[in-house]
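> So I've got this file, my_file-v8.txt, and it contains compact mmCIF, C-alpha atoms:
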```txt
# COMPACT_ATOMS: atom_id res chain seq x y z
CA MET A 387 40.02 94.46 3.60
CA GLN A 388 38.41 95.48 6.87
CA ARG A 389 38.56 99.08 8.01
CA ALA A 390 37.50 101.17 10.99
CA GLU A 391 38.01 104.75 12.05
CA ILE A 392 37.53 106.78 15.19
CA ASP A 393 38.00 110.44 15.97
CA PHE A 394 37.87 112.31 19.22
CA THR A 395 39.44 115.31 20.90
CA SER A 396 42.25 115.45 23.41
CA ASP A 397 41.39 115.53 27.09
CA PRO A 398 44.04 114.50 29.62
CA ASP A 399 41.37 113.76 32.24
CA ASN A 400 39.04 111.67 30.12
CA THR A 401 39.40 108.05 29.04
CA ALA A 402 36.31 107.69 26.86
CA TRP A 403 38.59 107.23 23.86
CA HIS A 404 40.00 104.06 25.45
CA GLY A 405 36.58 102.53 24.89
CA LEU A 406 36.57 103.62 21.24
CA ILE A 407 39.92 101.90 20.69
CA GLU A 408 38.72 98.73 22.41
CA GLN A 409 35.32 98.58 20.76
CA ARG A 410 36.04 99.89 17.25
CA LEU A 411 39.71 99.29 16.47
CA ILE A 412 40.76 96.18 18.36
CA PRO A 413 38.08 94.00 16.69
CA LEU A 414 40.10 94.37 13.46
CA ALA A 415 43.02 92.71 15.21
CA ARG A 416 40.81 90.10 16.82
CA GLY A 417 39.42 89.21 13.41
CA ALA A 418 42.98 88.76 12.13
CA GLY A 419 43.52 85.97 14.63
CA PHE A 420 45.74 87.54 17.28
CA ASP A 421 45.44 85.95 20.71
CA GLU A 422 44.12 87.82 23.74
CA LEU A 423 47.56 88.62 25.16
CA VAL A 424 48.65 90.17 21.86
CA LEU A 425 45.37 92.07 21.64
CA PHE A 426 46.05 93.54 25.07
CA GLY A 427 49.51 94.62 23.86
CA LEU A 428 48.06 96.22 20.73
CA GLN A 429 45.41 98.09 22.68
CA LEU A 430 48.04 99.26 25.16
CA ALA A 431 50.36 100.38 22.34
CA LEU A 432 47.56 102.45 20.79
CA VAL A 433 46.80 104.01 24.18
CA GLU A 434 50.48 104.89 24.62
CA ALA A 435 50.61 106.45 21.16
CA VAL A 436 47.55 108.60 21.93
CA ASN A 437 49.00 109.49 25.35
CA ASN A 438 52.06 110.80 23.49
CA ILE A 439 49.88 112.92 21.22
CA ILE A 440 48.01 114.43 24.17
CA GLU A 441 51.12 114.93 26.28
CA HIS A 442 53.69 116.01 23.70
CA ALA A 443 51.98 117.06 20.46
CA TYR A 444 49.22 118.97 22.27
CA ASP A 445 51.04 119.72 25.54
CA MET A 446 48.00 118.45 27.52
CA ALA A 447 45.62 120.91 25.83
CA ARG A 448 41.96 119.93 25.64
CA GLY A 449 39.73 119.84 22.59
CA GLN A 450 42.36 119.11 19.94
CA PRO A 451 41.58 116.67 17.12
CA ILE A 452 42.89 113.10 17.05
CA ALA A 453 41.88 110.50 14.47
CA ILE A 454 42.84 106.85 14.18
CA SER A 455 42.06 104.69 11.20
CA GLY A 456 42.68 100.97 11.14
CA GLU A 457 42.81 98.44 8.36
CA CYS A 458 43.49 94.76 8.28
CA ALA A 459 44.96 93.62 4.96
CA ALA A 460 46.14 90.17 3.99
CA ASP A 461 49.70 90.93 5.03
CA ALA A 462 49.43 93.34 7.94
CA LEU A 463 47.34 95.12 10.49
CA ARG A 464 47.84 98.90 10.27
CA TYR A 465 46.68 101.81 12.37
CA ARG A 466 47.24 105.42 11.31
CA LEU A 467 47.10 108.14 13.96
CA ARG A 468 46.62 111.75 12.88
CA ASP A 469 46.88 114.93 14.90
CA ARG A 470 47.53 118.64 14.33
CA GLY A 471 49.93 119.18 17.21
CA GLN A 472 53.64 119.84 17.45
CA PRO A 473 55.84 117.69 15.22
CA MET A 474 57.45 114.63 16.70
CA PRO A 475 61.17 114.95 17.35
CA LEU A 476 63.18 112.72 15.04
CA PRO A 477 64.52 110.12 15.01
CA LEU A 478 61.68 108.27 16.66
CA PRO A 479 62.65 106.68 19.97
CA PRO A 480 63.99 103.15 19.50
CA GLY A 481 61.91 101.80 22.36
CA ALA A 482 64.87 100.51 24.29
CA PRO A 483 63.98 99.15 27.71
CA ALA A 484 64.04 101.76 30.46
CA ALA A 485 66.19 101.10 33.51
CA PRO A 486 64.17 98.75 35.68
CA ASP A 487 63.60 101.30 38.41
CA ALA A 488 63.21 104.34 36.13
CA SER A 489 60.10 106.41 36.77
CA GLY A 490 59.17 106.67 33.09
CA GLY A 491 60.34 106.11 29.55
CA ARG A 492 58.38 102.92 28.84
CA GLY A 493 55.82 104.24 26.37
CA TRP A 494 57.82 103.66 23.20
CA GLN A 495 58.96 100.27 24.41
CA ILE A 496 55.29 99.30 24.68
CA ILE A 497 54.44 100.83 21.28
CA ARG A 498 57.23 99.01 19.47
CA ALA A 499 56.48 95.73 21.25
CA GLY A 500 52.97 95.90 19.83
CA PHE A 501 53.90 97.21 16.41
CA PRO A 502 57.36 96.31 15.07
CA ASP A 503 56.91 98.60 12.07
CA VAL A 504 56.50 102.29 12.95
CA SER A 505 56.73 105.22 10.56
CA TYR A 506 56.07 108.93 10.89
CA THR A 507 55.48 111.74 8.43
CA ARG A 508 54.24 115.30 8.75
CA ARG A 509 52.42 117.02 5.93
CA ASP A 510 50.30 120.18 5.89
CA ASP A 511 50.77 120.53 9.66
CA ILE A 512 49.31 117.07 10.26
CA ASN A 513 51.31 114.39 12.08
CA LEU A 514 50.77 110.90 10.72
CA LEU A 515 52.06 107.99 12.75
CA THR A 516 51.60 104.55 11.17
CA LEU A 517 51.81 101.44 13.32
CA SER A 518 51.93 98.06 11.59
CA ARG A 519 52.19 94.44 12.53
CA PRO A 520 52.16 91.34 10.32
CA VAL A 521 49.02 89.28 10.76
CA PRO A 522 49.22 85.64 11.85
CA GLU A 523 49.19 83.11 9.03
CA LYS A 524 45.89 81.31 8.66
CA PRO A 525 46.15 77.60 9.45
CA MET B 200 39.69 108.56 44.68
CA SER B 201 40.23 105.17 43.22
CA LEU B 202 42.64 103.53 45.65
CA THR B 203 41.34 101.56 48.59
CA HIS B 204 43.50 101.25 51.67
CA ARG B 205 43.54 99.33 54.92
CA GLN B 206 46.16 98.30 57.43
CA GLU B 207 46.95 94.76 58.45
CA ASN B 208 49.53 94.11 61.17
CA GLY B 209 51.23 97.44 60.43
CA ILE B 210 51.34 96.77 56.72
CA ASP B 211 49.56 99.09 54.31
CA VAL B 212 47.46 97.12 51.86
CA VAL B 213 46.42 99.18 48.87
CA SER B 214 44.16 98.09 46.02
CA LEU B 215 44.52 99.80 42.68
CA PRO B 216 41.55 100.72 40.46
CA GLU B 217 40.23 98.83 37.45
CA ARG B 218 42.11 101.15 35.12
CA LEU B 219 45.27 103.00 36.05
CA VAL B 220 46.15 105.28 33.15
CA MET B 221 47.35 108.77 32.34
CA ALA B 222 44.02 110.33 33.32
CA ASN B 223 44.10 109.11 36.94
CA ALA B 224 47.78 108.29 37.49
CA GLY B 225 48.68 111.68 38.95
CA ASP B 226 46.04 111.44 41.68
CA ALA B 227 46.85 107.78 42.35
CA ARG B 228 50.54 108.54 42.66
CA ALA B 229 49.94 111.34 45.16
CA GLU B 230 47.53 109.21 47.19
CA LEU B 231 49.83 106.19 47.25
CA LYS B 232 52.78 108.33 48.30
CA GLN B 233 50.72 109.86 51.11
CA ILE B 234 49.66 106.43 52.36
CA ILE B 235 53.23 105.16 52.32
CA GLN B 236 54.71 108.18 54.06
CA ALA B 237 52.07 108.03 56.79
CA GLY B 238 52.77 104.35 57.43
CA SER B 239 55.63 101.98 58.14
CA GLY B 240 56.95 101.79 54.58
CA ARG B 241 55.78 98.18 54.32
CA VAL B 242 53.25 98.07 51.52
CA VAL B 243 51.30 95.47 49.59
CA VAL B 244 49.69 96.67 46.38
CA ASN B 245 46.84 94.45 45.26
CA LEU B 246 46.25 94.49 41.50
CA GLY B 247 43.36 92.05 41.58
CA ASP B 248 40.87 94.61 40.30
CA THR B 249 43.22 96.16 37.77
CA GLU B 250 42.35 95.16 34.23
CA PHE B 251 44.27 97.82 32.32
CA MET B 252 47.37 99.85 33.09
CA ASP B 253 49.52 102.01 30.84
CA SER B 254 53.04 103.32 31.35
CA SER B 255 51.68 106.12 33.55
CA GLY B 256 50.20 103.44 35.78
CA LEU B 257 53.49 101.61 35.91
CA ALA B 258 55.12 104.86 37.01
CA VAL B 259 52.71 104.98 39.96
CA VAL B 260 53.86 101.66 41.38
CA VAL B 261 57.52 102.46 40.69
CA ALA B 262 57.11 105.73 42.60
CA GLY B 263 55.48 103.77 45.42
CA LEU B 264 58.38 101.34 45.51
CA GLN B 265 60.87 104.18 45.68
CA ALA B 266 58.92 105.86 48.50
CA ALA B 267 58.73 102.63 50.48
CA ARG B 268 62.43 101.84 50.08
CA LYS B 269 63.31 105.39 51.09
CA MET B 270 61.72 104.47 54.43
CA ASP B 271 63.75 101.23 54.55
CA GLY B 272 60.58 99.38 53.69
CA ASP B 273 59.42 97.64 50.53
CA LEU B 274 56.43 97.38 48.24
CA TYR B 275 55.18 93.98 47.16
CA LEU B 276 52.69 93.33 44.37
CA ALA B 277 49.92 90.77 44.56
CA GLN B 278 47.21 89.16 42.49
CA MET B 279 48.05 90.52 39.06
CA SER B 280 46.25 89.19 36.00
CA ASP B 281 48.08 87.46 33.17
CA THR B 282 47.88 90.58 31.01
CA ILE B 283 49.21 92.90 33.70
CA ARG B 284 51.97 90.39 34.43
CA ALA B 285 52.86 90.41 30.72
CA LEU B 286 53.17 94.19 30.89
CA PHE B 287 55.51 93.94 33.89
CA GLU B 288 57.58 91.32 32.07
CA LEU B 289 57.74 93.36 28.86
CA THR B 290 59.04 96.37 30.75
CA ARG B 291 61.26 94.19 32.97
CA LEU B 292 59.61 95.55 36.09
CA HIS B 293 59.07 91.98 37.25
CA THR B 294 62.79 92.02 38.12
CA VAL B 295 62.33 94.99 40.44
CA PHE B 296 59.26 93.95 42.41
CA GLN B 297 58.50 90.91 44.50
CA ILE B 298 55.29 89.57 43.02
CA PHE B 299 52.92 87.23 44.88
CA ASP B 300 49.96 85.26 43.65
CA ASP B 301 47.73 86.54 46.44
CA GLU B 302 47.55 89.30 48.99
CA THR B 303 47.83 87.00 52.01
CA ALA B 304 51.15 85.61 50.80
CA ALA B 305 52.46 89.12 50.20
CA VAL B 306 51.46 90.30 53.68
CA ARG B 307 52.96 87.16 55.23
CA ALA B 308 56.23 87.75 53.37
CA PHE B 309 56.85 90.84 55.46
CA GLY B 310 57.16 88.49 58.44
```
Kindly present the structure from the file in structure tokens form.

Amino acid sequence: MQRAEIDFTSDPDNTAWHGLIEQRLIPLARGAGFDELVLFGLQLALVEAVNNIIEHAYDMARGQPIAISGECAADALRYRLRDRGQPMPLPLPPGAPAAPDASGGRGWQIIRAGFPDVSYTRRDDINLLTLSRPVPEKP
Amino acid sequence: MSLTHRQENGIDVVSLPERLVMANAGDARAELKQIIQAGSGRVVVNLGDTEFMDSSGLAVVVAGLQAARKMDGDLYLAQMSDTIRALFELTRLHTVFQIFDDETAAVRAFG
């Protein structure tokens, strides 16, 4: 099983963590055989999930810890996002399409399009969001 | 900041940056709105340089569209990559915007 992990701190004005996702986490998905369009969707979904942490869990505060671990098993690609911010309101948003001309509300749609299996737990003041997607069958 | 802007036959042609994401969307939104309100309301947004856009970036172009239509104008999109087009299709925004393969066609469509 292949694994990778990144950690960084929240900063609403900085996108250095985008590069960490692209360079350290997405190669797991590439190795699993996803095509470039799917890889773009996975990268985007991870960015949206981190945006949510920065915006909602940490209320745009700087310097707060965020960690993402990824693993690619025989059955699925999984990323686990951890933060110490406010708990997520439950139930998790279903990711229904926003009205076409709505100003926002597309983040969860993008997350769930990338990762059909999403779960959330909170333990010891740590939020754990797990995003999973079956891997393509090898020819 | 990261938008580039010129006028062509009374149409505002705006190019978006390589990445339009939460970190720069607020500034981009304000700048785009200012350009639109100072112009005719006829706008072409060129996405040819844009390689990555998140939902905050999408909100920028939606806000631009709303500002343009408020002035009885419109905002057309041009030159988007396959990945950006996939994002617009996923979020159904391709049903809201007129999308052109290139900037010239978008400018010409304003007549």
> Need to verify the contact set: range 270-283 of chain B, 10 Å, all atoms listed in the file, exclusion of same-chain residues closer than 4 positions in sequence. Can you return it as JSON, numbers by chain?
{"A": [422, 423, 424, 425, 426, 427], "B": [210, 211, 212, 213, 214, 235, 236, 238, 239, 240, 241, 242, 243, 244, 245, 246, 247, 248, 249, 250, 251, 252, 253, 257, 260, 261, 263, 264, 265, 266, 287, 288, 289, 293, 295, 296, 297, 298, 299, 300, 301, 302, 303, 304, 305, 306, 308, 309]}
> Between CA of Asp469 in chain A and CA of Gly500 in chain A, what is the distance, to one decimal in Å?
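Between these atoms lies a distance of 20.6 Å.
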> Specify as a VMD selection string all residues of chain A found within 7 Å of chain B, counting all atoms listed in the file.
chain A and resid 398 to 401 423 426 430 434 483 486 to 487 489 to 490 492 to 493
> So that I can check the surroundings of Leu414 in chain A, please list as an mmCIF file with C-alpha atoms, in the frame of the given file every protein, DNA and RNA residue that reaches within 8 Å of it, counting all atoms listed in the file and ignoring chain neighbours fewer than 4 positions away.

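Result file around.cif:
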```
data_model
loop_
_atom_site.group_PDB
_atom_site.id
_atom_site.type_symbol
_atom_site.label_atom_id
_atom_site.label_comp_id
_atom_site.auth_asym_id
_atom_site.auth_seq_id
_atom_site.Cartn_x
_atom_site.Cartn_y
_atom_site.Cartn_z
ATOM 1 C CA GLN A 388 38.410 95.480 6.870
ATOM 2 C CA ARG A 389 38.560 99.080 8.010
ATOM 3 C CA ALA A 390 37.500 101.170 10.990
ATOM 4 C CA ARG A 410 36.040 99.890 17.250
ATOM 5 C CA ALA A 418 42.980 88.760 12.130
ATOM 6 C CA GLY A 456 42.680 100.970 11.140
ATOM 7 C CA GLU A 457 42.810 98.440 8.360
ATOM 8 C CA CYS A 458 43.490 94.760 8.280
ATOM 9 C CA LEU A 463 47.340 95.120 10.490
#
```
> List the neighbours of Asp397 in chain A out to 10 Å using all atoms listed in the file; skip same-chain residues closer than 5 positions along the sequence, and give me the result as a list in words.
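Contacts, with the query itself left out: Ala402, Trp403, Asn437, Ile440, Glu441, Tyr444, Met446, Ala447, Arg448, Gly449 and Gln450 of chain A; Ala222 of chain B.
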> Mind writing the picked residues with C-alpha atoms as a compact mmCIF listing (two decimals), in the coordinates of the input?

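Final file, result-v9.txt:
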```txt
# COMPACT_ATOMS: atom_id res chain seq x y z
CA ALA A 402 36.31 107.69 26.86
CA TRP A 403 38.59 107.23 23.86
CA ASN A 437 49.00 109.49 25.35
CA ILE A 440 48.01 114.43 24.17
CA GLU A 441 51.12 114.93 26.28
CA TYR A 444 49.22 118.97 22.27
CA MET A 446 48.00 118.45 27.52
CA ALA A 447 45.62 120.91 25.83
CA ARG A 448 41.96 119.93 25.64
CA GLY A 449 39.73 119.84 22.59
CA GLN A 450 42.36 119.11 19.94
CA ALA B 222 44.02 110.33 33.32
```
> What is the CA of Pro522 in chain A to CA of Ile497 in chain A distance in Å?
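One can read the CA of Pro522 in chain A to CA of Ile497 in chain A distance as 18.6 Å.
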> Would you please work out which residue, of A:Ala459, A:Ala443, A:Leu467, A:Ala435, is nearest to Asp393 in chain A when using all atoms listed in the file?
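The answer is A:Leu467, which sits nearest to Asp393 in chain A.
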> Rank nothing, just name the residue among B:Ala267, B:Asn208, B:Pro216, B:Arg284 nearest to Lys232 in chain B, using all atoms listed in the file.
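For Lys232 in chain B, the nearest of the candidates is B:Ala267.
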> How many Å separate CA of Ile452 in chain A from CA of Tyr465 in chain A?
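Value for the CA of Ile452 in chain A-CA of Tyr465 in chain A distance: 12.8 Å.
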> So, counting all atoms listed in the file, which residue among A:Ser518, A:Arg508, A:Gln472, A:Leu478 is closest to Asp445 in chain A?
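Once distances to Asp445 in chain A are computed over all atoms listed in the file, the minimum belongs to A:Gln472.
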> Can you report as AutoDock Vina command-line options the centre and edge lengths in Å, to one decimal, of an axis-aligned box around the listed atoms of range 257-271 of chain B padded with 6 Å on each side?

```
--center_x 58.2 --center_y 103.5 --center_z 45.2 --size_x 23.0 --size_y 16.6 --size_z 30.6
```
> Please provide the set of residues having any atom within 9 Å of Leu428 in chain A, restricted to all atoms listed in the file, with same-chain residues fewer than 6 positions apart removed, written as a PyMOL selection string.
chain A and resi 412+415+496-497+499-501
